[in-house]
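Trainee: Dropping in coords10.cif, with mmCIF, C-alpha atoms.
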data_protein
#
loop_
_atom_site.label_atom_id
_atom_site.label_comp_id
_atom_site.auth_asym_id
_atom_site.auth_seq_id
_atom_site.Cartn_x
_atom_site.Cartn_y
_atom_site.Cartn_z
CA MET A 85 -77.28 -26.62 -11.78
CA LYS A 86 -74.19 -27.60 -9.80
CA LYS A 87 -71.41 -25.11 -9.22
CA ILE A 88 -67.98 -26.73 -9.08
CA ILE A 89 -65.33 -24.34 -7.78
CA ILE A 90 -61.65 -25.30 -8.00
CA PHE A 91 -59.15 -23.22 -6.03
CA ASP A 92 -55.39 -23.16 -6.37
CA LEU A 93 -53.66 -23.36 -2.99
CA ASP A 94 -50.52 -21.22 -2.54
CA ASN A 95 -51.28 -17.50 -2.64
CA THR A 96 -54.85 -18.15 -3.72
CA ILE A 97 -56.42 -19.55 -0.55
CA TYR A 98 -53.26 -19.99 1.53
CA SER A 99 -51.04 -17.00 2.23
CA SER A 100 -47.41 -18.08 1.89
CA LYS A 101 -46.39 -14.81 3.56
CA GLN A 102 -48.54 -15.29 6.64
CA LYS A 103 -48.51 -19.10 6.48
CA LYS A 104 -52.24 -19.50 6.97
CA VAL A 105 -55.66 -19.30 5.37
CA LEU A 106 -56.87 -15.77 6.04
CA PRO A 107 -60.22 -15.12 7.80
CA GLN A 108 -62.29 -14.02 4.79
CA THR A 109 -61.02 -16.96 2.73
CA LEU A 110 -61.92 -19.42 5.50
CA LYS A 111 -65.38 -17.86 5.82
CA LEU A 112 -65.84 -18.14 2.04
CA LEU A 113 -64.82 -21.79 1.89
CA GLU A 114 -67.01 -22.75 4.84
CA GLU A 115 -70.09 -21.01 3.43
CA LEU A 116 -69.55 -22.34 -0.09
CA SER A 117 -69.12 -25.92 1.14
CA ALA A 118 -72.38 -25.63 3.10
CA THR A 119 -74.29 -24.26 0.10
CA PRO A 120 -76.52 -26.79 -1.70
CA ASN A 121 -75.23 -27.87 -5.13
CA VAL A 122 -71.84 -26.21 -4.62
CA PHE A 123 -68.82 -28.53 -4.63
CA LEU A 124 -65.29 -27.38 -3.90
CA GLY A 125 -61.92 -28.56 -5.13
CA VAL A 126 -58.32 -27.66 -4.37
CA ALA A 127 -55.66 -27.93 -7.10
CA THR A 128 -52.00 -27.52 -6.21
CA GLY A 129 -48.53 -28.22 -7.49
CA ARG A 130 -47.72 -29.61 -4.06
CA PRO A 131 -47.74 -33.32 -3.27
CA LYS A 132 -50.33 -34.62 -0.83
CA SER A 133 -47.78 -34.83 1.98
CA LYS A 134 -47.03 -31.10 1.79
CA ILE A 135 -50.54 -29.68 1.74
CA MET A 136 -50.74 -27.11 4.55
CA LEU A 137 -54.44 -27.55 5.37
CA ASP A 138 -55.59 -29.51 8.39
CA ASP A 139 -58.04 -32.39 8.05
CA LYS A 140 -61.02 -30.25 9.00
CA MET A 141 -60.29 -27.80 6.21
CA LEU A 142 -59.49 -30.52 3.69
CA ASP A 143 -62.93 -31.99 4.39
CA LEU A 144 -64.44 -28.86 2.81
CA PHE A 145 -63.17 -30.05 -0.58
CA THR A 146 -64.78 -32.85 -2.58
CA TYR A 147 -62.01 -32.80 -5.19
CA LYS A 148 -58.28 -32.76 -4.44
CA ILE A 149 -55.69 -32.34 -7.21
CA PHE A 150 -52.02 -32.72 -6.30
CA ILE A 151 -48.68 -32.43 -8.13
CA ASN A 152 -50.07 -30.17 -10.89
CA GLY A 153 -52.69 -32.78 -11.80
CA ALA A 154 -50.67 -35.99 -11.59
CA ILE A 155 -52.81 -37.20 -8.66
CA VAL A 156 -56.58 -36.69 -8.37
CA TYR A 157 -58.84 -37.65 -5.46
CA LYS A 158 -62.61 -37.50 -5.16
CA ASP A 159 -63.18 -37.44 -1.42
CA ASP A 160 -60.73 -40.14 -0.26
CA TYR A 161 -60.84 -42.20 -3.46
CA LEU A 162 -57.82 -42.08 -5.79
CA LEU A 163 -59.55 -41.25 -9.05
CA TYR A 164 -56.59 -40.74 -11.37
CA GLU A 165 -52.78 -40.82 -11.39
CA ASN A 166 -50.16 -40.21 -14.04
CA PRO A 167 -46.56 -41.00 -13.02
CA ILE A 168 -43.66 -40.17 -15.33
CA ASN A 169 -42.48 -43.03 -17.56
CA LYS A 170 -39.62 -44.94 -15.87
CA ASN A 171 -37.36 -44.62 -18.93
CA VAL A 172 -37.84 -40.86 -18.87
CA VAL A 173 -37.07 -40.81 -15.15
CA LYS A 174 -33.79 -42.63 -15.79
CA LYS A 175 -32.92 -40.25 -18.63
CA MET A 176 -33.56 -37.26 -16.37
CA TYR A 177 -31.33 -38.78 -13.71
CA ASP A 178 -28.51 -39.26 -16.24
CA ILE A 179 -28.81 -35.75 -17.68
CA THR A 180 -28.99 -33.89 -14.38
CA LYS A 181 -26.13 -35.91 -12.91
CA LYS A 182 -23.95 -35.17 -15.95
CA MET A 183 -24.82 -31.47 -15.78
CA ASP A 184 -24.36 -31.43 -11.98
CA ILE A 185 -27.88 -30.07 -11.42
CA VAL A 186 -29.88 -30.89 -8.31
CA ALA A 187 -33.11 -32.73 -9.10
CA GLY A 188 -36.03 -33.38 -6.79
CA TYR A 189 -38.12 -36.55 -7.09
CA VAL A 190 -41.76 -36.22 -6.04
CA GLY A 191 -43.54 -39.44 -5.11
CA LEU A 192 -47.10 -40.12 -4.02
CA ASN A 193 -46.43 -39.53 -0.33
CA LYS A 194 -42.82 -38.33 -0.06
CA GLU A 195 -40.22 -36.19 -1.84
CA TYR A 196 -36.45 -36.50 -2.19
CA ILE A 197 -33.58 -34.50 -3.69
CA SER A 198 -30.53 -35.88 -5.45
CA LYS A 199 -28.24 -33.86 -3.17
CA ASN A 200 -28.37 -30.82 -0.96
CA ASP A 201 -26.68 -27.53 -1.84
CA GLU A 202 -27.36 -23.81 -1.68
CA SER A 203 -29.63 -23.93 -4.75
CA VAL A 204 -32.08 -26.06 -2.75
CA ASP A 205 -31.99 -23.64 0.17
CA LEU A 206 -32.63 -20.75 -2.20
CA GLY A 207 -35.36 -22.56 -4.10
CA ILE A 208 -37.66 -24.17 -1.56
CA LYS A 209 -36.46 -23.59 2.01
CA LYS A 210 -39.20 -21.01 2.57
CA VAL A 211 -41.85 -23.46 1.37
CA TYR A 212 -40.59 -26.84 2.59
CA SER A 213 -39.40 -27.35 6.14
CA PRO A 214 -37.64 -29.57 6.86
CA LEU A 215 -35.98 -29.98 3.48
CA PRO A 216 -36.45 -33.32 1.68
CA VAL A 217 -33.97 -36.13 2.31
CA ALA A 218 -31.09 -36.39 -0.18
CA ASP A 219 -31.06 -39.75 -2.02
CA GLU A 220 -29.97 -39.65 -5.66
CA ASN A 221 -31.00 -43.27 -6.32
CA ILE A 222 -34.52 -43.08 -4.91
CA TYR A 223 -35.95 -42.92 -8.44
CA GLU A 224 -35.23 -46.66 -8.73
CA GLU A 225 -37.53 -47.45 -5.81
CA MET A 226 -40.70 -45.44 -6.37
CA PRO A 227 -42.91 -43.96 -9.08
CA VAL A 228 -41.98 -40.34 -9.80
CA TYR A 229 -44.82 -37.95 -10.56
CA GLN A 230 -42.83 -34.73 -10.81
CA PHE A 231 -39.27 -33.41 -10.93
CA TRP A 232 -38.01 -30.29 -9.24
CA ILE A 233 -35.04 -28.72 -11.02
CA PHE A 234 -32.74 -26.37 -9.11
CA THR A 235 -30.57 -24.04 -11.17
CA ASN A 236 -29.61 -20.37 -11.40
CA GLU A 237 -29.59 -20.73 -15.21
CA ARG A 238 -33.26 -21.55 -15.69
CA ASP A 239 -33.65 -20.08 -19.17
CA LYS A 240 -30.60 -21.99 -20.40
CA ILE A 241 -31.24 -25.34 -18.69
CA ARG A 242 -35.01 -25.63 -19.12
CA PRO A 243 -35.06 -25.92 -22.96
CA ILE A 244 -32.40 -28.64 -22.83
CA LEU A 245 -34.30 -30.78 -20.33
CA VAL A 246 -37.68 -30.24 -21.99
CA ASN A 247 -36.25 -31.12 -25.42
CA GLU A 248 -34.51 -34.26 -24.13
CA THR A 249 -37.43 -35.60 -22.09
CA LYS A 250 -40.52 -34.09 -23.77
CA LEU A 251 -41.88 -33.25 -20.34
CA ALA A 252 -44.01 -30.20 -19.57
CA TYR A 253 -42.63 -27.48 -17.31
CA TYR A 254 -43.99 -25.02 -14.78
CA ASN A 255 -41.93 -22.18 -13.37
CA TRP A 256 -42.25 -22.22 -9.62
CA HIS A 257 -39.52 -21.82 -7.03
CA THR A 258 -36.75 -19.23 -7.19
CA GLY A 259 -34.21 -20.21 -9.83
CA GLY A 260 -35.89 -23.44 -10.86
CA PHE A 261 -38.95 -25.16 -12.25
CA ASP A 262 -41.09 -28.30 -12.16
CA LEU A 263 -41.28 -31.00 -14.84
CA VAL A 264 -44.22 -33.37 -15.26
CA ASP A 265 -45.57 -35.71 -17.91
CA SER A 266 -46.83 -33.78 -20.94
CA LYS A 267 -50.41 -34.86 -20.17
CA THR A 268 -50.20 -33.68 -16.57
CA ASN A 269 -51.79 -30.35 -15.83
CA LYS A 270 -54.59 -29.06 -13.67
CA ALA A 271 -56.96 -28.69 -16.61
CA ASN A 272 -56.62 -32.34 -17.67
CA ALA A 273 -57.05 -33.40 -14.05
CA ILE A 274 -60.28 -31.42 -13.86
CA LYS A 275 -61.49 -33.07 -17.08
CA GLU A 276 -60.81 -36.47 -15.51
CA LEU A 277 -62.70 -35.75 -12.33
CA LEU A 278 -65.65 -34.19 -14.18
CA LYS A 279 -65.98 -36.66 -17.06
CA ASP A 280 -69.04 -38.29 -15.50
CA GLU A 281 -70.60 -35.02 -14.36
CA ASN A 282 -73.21 -33.06 -16.27
CA ASN A 283 -75.22 -29.87 -15.91
CA TYR A 284 -72.61 -27.93 -13.97
CA GLN A 285 -70.87 -24.57 -14.02
CA LEU A 286 -67.10 -24.71 -13.56
CA ILE A 287 -65.36 -21.88 -11.71
CA THR A 288 -61.59 -21.87 -11.24
CA VAL A 289 -59.42 -19.56 -9.15
CA GLY A 290 -55.63 -19.27 -9.23
CA ASP A 291 -52.51 -17.14 -9.33
CA GLY A 292 -49.75 -19.25 -10.90
CA HIS A 293 -48.23 -20.30 -14.20
CA ASN A 294 -49.70 -23.76 -13.59
CA ASP A 295 -53.21 -22.27 -13.31
CA ILE A 296 -53.44 -20.77 -16.79
CA LYS A 297 -55.04 -23.78 -18.49
CA MET A 298 -57.63 -24.30 -15.77
CA ILE A 299 -58.54 -20.60 -15.84
CA GLU A 300 -58.91 -20.79 -19.61
CA MET A 301 -61.16 -23.90 -19.55
CA ALA A 302 -63.58 -22.59 -16.91
CA ASP A 303 -67.02 -21.10 -17.40
CA ILE A 304 -65.78 -18.42 -15.00
CA GLY A 305 -62.03 -18.02 -14.54
CA ILE A 306 -60.73 -15.88 -11.67
CA ALA A 307 -57.12 -14.72 -11.34
CA MET A 308 -55.68 -13.36 -8.14
CA ASN A 309 -54.38 -9.81 -8.40
CA ASN A 310 -51.16 -10.90 -6.67
CA SER A 311 -50.33 -13.11 -9.68
CA GLY A 312 -47.12 -12.23 -11.50
CA PHE A 313 -48.30 -13.87 -14.73
CA SER A 314 -49.89 -11.46 -17.19
CA LYS A 315 -51.17 -14.30 -19.39
CA LEU A 316 -53.19 -15.69 -16.49
CA LYS A 317 -54.86 -12.33 -15.92
CA GLU A 318 -55.56 -11.96 -19.65
CA LYS A 319 -57.37 -15.31 -19.70
CA ALA A 320 -59.44 -14.57 -16.57
CA ASP A 321 -62.99 -13.27 -16.51
CA TYR A 322 -62.39 -11.56 -13.17
CA ILE A 323 -59.43 -10.35 -11.12
CA ALA A 324 -59.79 -11.05 -7.41
CA PRO A 325 -58.06 -8.84 -4.79
CA ASN A 326 -54.52 -9.54 -3.65
CA ILE A 327 -54.57 -12.43 -1.19
CA GLU A 328 -52.93 -10.27 1.48
CA ASP A 329 -55.88 -7.85 1.35
CA ASP A 330 -58.12 -10.65 2.71
CA GLN A 331 -61.18 -9.67 0.64
CA LEU A 332 -62.01 -12.92 -1.15
CA TYR A 333 -65.38 -13.39 0.58
CA ASP A 334 -66.48 -9.84 -0.31
CA PHE A 335 -65.25 -10.34 -3.87
CA PHE A 336 -67.26 -13.55 -4.38
CA LYS A 337 -70.35 -11.79 -3.04
CA SER A 338 -69.79 -8.87 -5.40
CA ILE A 339 -69.72 -11.07 -8.52
CA LYS A 340 -72.72 -13.06 -7.25
CA ILE A 341 -71.08 -16.49 -7.30
CA PHE A 342 -73.39 -17.26 -4.40
CA SER A 343 -76.09 -15.23 -2.68
#
Would you mind writing the file's structure down as C-alpha cells?

Mentor:
Amino acid sequence: MKKIIIFDLDNTIYSSKQKKVLPQTLKLLEELSATPNVFLGVATGRPKSKIMLDDKMLDLFTYKIFINGAIVYKDDYLLYENPINKNVVKKMYDITKKMDIVAGYVGLNKEYISKNDESVDLGIKKVYSPLPVADENIYEEMPVYQFWIFTNERDKIRPILVNETKLAYYNWHTGGFDLVDSKTNKANAIKELLKDENNYQLITVGDGHNDIKMIEMADIGIAMNNSGFSKLKEKADYIAPNIEDDQLYDFFKSIKIFS
C-alpha cells in the first residue's frame, strides 16, 4: 500500500522563526522520500513564487499545493487550478476601495497589493521581503487566485466581505485574512490530485486554520503542537512536537509511520 504524506509548510516543516527547515525535519523528509511506496506532498497558503524551499528540497515532493489549494502540481505538471471568478474579483476591488482597505492580489507567479501602508508592514513584512509591488488595477490584467485583506478590524470586516462575495476565508497574517473561491481548500486539492490513485494511506500534517479540513480527511491526521487552533488539534489523531523543538523525525519513528 502506498503512503501519501502531505505536509503544510510554514511552522510545520519550515520554521518561520529560524527561517529554515530544521535538521530533524530535513532528515525526515529525505528518508521518507527515499522509502519505497512513500510519496510526499507540500500544501501551503503561499503562492509558488514565495515558497522558501530550494529546488533540491522541492524535488523531494511529488505533489505541490499552492495558494490554499487553488494551484496543484504533480511533479512539474499543472494538475489543477481554480482562479476566482472575474466578476467577483471586480466586486472585491470595488468594495475594498470604497472601504479604504488594502487588498492583495495573488496570481500564479506574482503578487501585488492595492497600495502600501502600515497595515501591510504589520501583516506580512516578516513573511514577505521585499513587499509586493503596489498596483490597484493589476486585477484587470491577470487571473487572481487569492485575496489578502489587511485590516485591524478583522472580525468586523470579514463577515461583510464574505457575505458580499461568497468567498471562503482563512485567518493568516496579523490583523488580516485570505479569501479564496469557496471550492478552494487544501482538502479539495488533495482530492483532485488523488482521484486516480487507489490503495493508499493518506497522512496529513499541519498547524494552521487552513489545515483543518485536510487533517480531518486523512487516514492519519497530525497537528503540530505549536498550532494556535484548538479545532485542528481536536481533529488530529496525533499531536507532533512544537516545530522549534526539532523532534519531527523522532516523532514519526515513535508512531511507526515508517520503520

Trainee: Evaluating the PyMOL selection byres ((chain A and resi 136) around 9) on the displayed file yields which residues, as a PyMOL selection string?

Mentor: chain A and resi 93+98+103-104+133-135+137-138

Trainee: Counting all atoms listed in the file, which residues in range 193-277 of chain A sit no more than 12 Å from range 307-313 of chain A? For each one, give the nearest pair of atoms and the distance in Å, sorted by chain then residue number, as JSON lines.

Mentor:
{"residue": "A:Tyr254", "atom": "CA", "partner": "A:Phe313", "partner_atom": "CA", "distance": 12.0}
{"residue": "A:Asn255", "atom": "CA", "partner": "A:Phe313", "partner_atom": "CA", "distance": 10.6}
{"residue": "A:Trp256", "atom": "CA", "partner": "A:Gly312", "partner_atom": "CA", "distance": 11.3}

Trainee: Apply the PyMOL selection byres ((chain A and resi 286-297) around 7) to the displayed file and report the matching residues as a ChimeraX atom specification.

Mentor: /A:87-92,95-96,152,254-255,270-271,284-285,298-308,310-311,313,316

Trainee: Just how far from CA of Gly153 in chain A is CA of Val264 in chain A, in Å to one decimal?

Mentor: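 We find that CA of Val264 in chain A and CA of Gly153 in chain A lie 9.2 Å from each other.
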
Trainee: At a cut-off of 9 Å from (-53.7, -32.3, -8.2) in the coordinates of the file, what residues are picked up using all atoms listed in the file, written as a list in words?

Mentor: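 Within the cut-off we find Val126, Ala127, Thr128, Gly129, Arg130, Pro131, Lys132, Tyr147, Lys148, Ile149, Phe150, Ile151, Asn152, Gly153, Ala154, Ile155, Val156, Tyr157, Asn269, Lys270, Ala273 and Ile274 of chain A.
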
Trainee: Store the residues picked out above in a file with C-alpha atoms, as a PDB file, in the coordinates of the input.

Mentor:
ATOM      1  CA  VAL A 126     -58.320 -27.660  -4.370  1.00  0.00           C
ATOM      2  CA  ALA A 127     -55.660 -27.930  -7.100  1.00  0.00           C
ATOM      3  CA  THR A 128     -52.000 -27.520  -6.210  1.00  0.00           C
ATOM      4  CA  GLY A 129     -48.530 -28.220  -7.490  1.00  0.00           C
ATOM      5  CA  ARG A 130     -47.720 -29.610  -4.060  1.00  0.00           C
ATOM      6  CA  PRO A 131     -47.740 -33.320  -3.270  1.00  0.00           C
ATOM      7  CA  LYS A 132     -50.330 -34.620  -0.830  1.00  0.00           C
ATOM      8  CA  TYR A 147     -62.010 -32.800  -5.190  1.00  0.00           C
ATOM      9  CA  LYS A 148     -58.280 -32.760  -4.440  1.00  0.00           C
ATOM     10  CA  ILE A 149     -55.690 -32.340  -7.210  1.00  0.00           C
ATOM     11  CA  PHE A 150     -52.020 -32.720  -6.300  1.00  0.00           C
ATOM     12  CA  ILE A 151     -48.680 -32.430  -8.130  1.00  0.00           C
ATOM     13  CA  ASN A 152     -50.070 -30.170 -10.890  1.00  0.00           C
ATOM     14  CA  GLY A 153     -52.690 -32.780 -11.800  1.00  0.00           C
ATOM     15  CA  ALA A 154     -50.670 -35.990 -11.590  1.00  0.00           C
ATOM     16  CA  ILE A 155     -52.810 -37.200  -8.660  1.00  0.00           C
ATOM     17  CA  VAL A 156     -56.580 -36.690  -8.370  1.00  0.00           C
ATOM     18  CA  TYR A 157     -58.840 -37.650  -5.460  1.00  0.00           C
ATOM     19  CA  ASN A 269     -51.790 -30.350 -15.830  1.00  0.00           C
ATOM     20  CA  LYS A 270     -54.590 -29.060 -13.670  1.00  0.00           C
ATOM     21  CA  ALA A 273     -57.050 -33.400 -14.050  1.00  0.00           C
ATOM     22  CA  ILE A 274     -60.280 -31.420 -13.860  1.00  0.00           C
TER      23      ILE A 274
END

Trainee: Find the distance between CA of Lys170 in chain A and CA of Asp94 in chain A and write it in Å to one decimal.

Mentor: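 That distance, rounded to one decimal, is 29.3 Å.
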
Trainee: In the coordinate frame of the file, compute which residues have an atom within 12 Å of (-29.6, -25.3, -19.0) when using all atoms listed in the file, and state them as JSON, numbers by chain.

Mentor: {"A": [179, 180, 182, 183, 184, 185, 233, 234, 235, 236, 237, 238, 239, 240, 241, 242, 243, 244, 245, 246, 247, 248, 259, 260, 261]}

Trainee: Taking the file as I've supplied it (selection: the PyMOL selection byres ((chain A and resi 102) around 12)), which residues are included? Please answer as an MDAnalysis selection string.

Mentor: chainID A and resid 94:95 97:101 103:107 210:211 327:330

Trainee: So what do you get for CA of Val228 in chain A versus CA of Leu162 in chain A, distance-wise?

Mentor: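 Computed distance, CA of Val228 in chain A to CA of Leu162 in chain A, equals 16.4 Å.
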
Trainee: Considering all atoms listed in the file, can you say which of A:Glu224, A:Asp139, A:Asp205, A:Asp160 comes closest to Tyr177 in chain A?

Mentor: A:Glu224

Trainee: Looking at A:Asp143, A:Tyr164, A:Leu332, A:Leu110, which one is nearest to Gly125 in chain A, with distances taken over only C-alpha atoms?

Mentor: A:Asp143

Trainee: Taking into account only C-alpha atoms, which residue in the set A:Tyr322, A:Tyr253, A:Phe123, A:Phe342 is nearest to Thr146 in chain A?

Mentor: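 Checking each candidate against Thr146 in chain A, we get A:Phe123 as the closest.
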
Trainee: Can you tell me which residues surround Lys140 in chain A at a distance of at most 12 Å, considering only C-alpha atoms, apart from same-chain residues fewer than 5 positions away, and format the answer as a PyMOL selection string?

Mentor: chain A and resi 110+113-114+145

Trainee: Closest to Lys86 in chain A among A:Pro120, A:Leu163, A:Leu277, A:Ser203, using all atoms listed in the file?

Mentor: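 Closest candidate: A:Pro120.
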
Trainee: Around all the atoms of range 330-337 of chain A listed in the file, with 4 Å of room on each side, what axis-aligned box do you get, giving centre and edge lengths in Å to one decimal, as AutoDock Vina command-line options?

Mentor:
--center_x -64.2 --center_y -11.6 --center_z -0.8 --size_x 20.2 --size_y 11.9 --size_z 15.1

Trainee: Given only C-alpha atoms as the basis, pick out the residue of A:Lys175, A:Lys337, A:Gly188, A:Tyr223 nearest to Ile208 in chain A.

Mentor: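 Checking each candidate against Ile208 in chain A, we get A:Gly188 as the closest.
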
Trainee: Considering all atoms listed in the file, state which residue in the set A:Glu195, A:Asp159, A:Met141, A:Val186 is at the smallest distance from Pro227 in chain A.

Mentor: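 Checking each of A:Glu195, A:Asp159, A:Met141, A:Val186 against Pro227 in chain A, counting all atoms listed in the file, the winner is A:Glu195.
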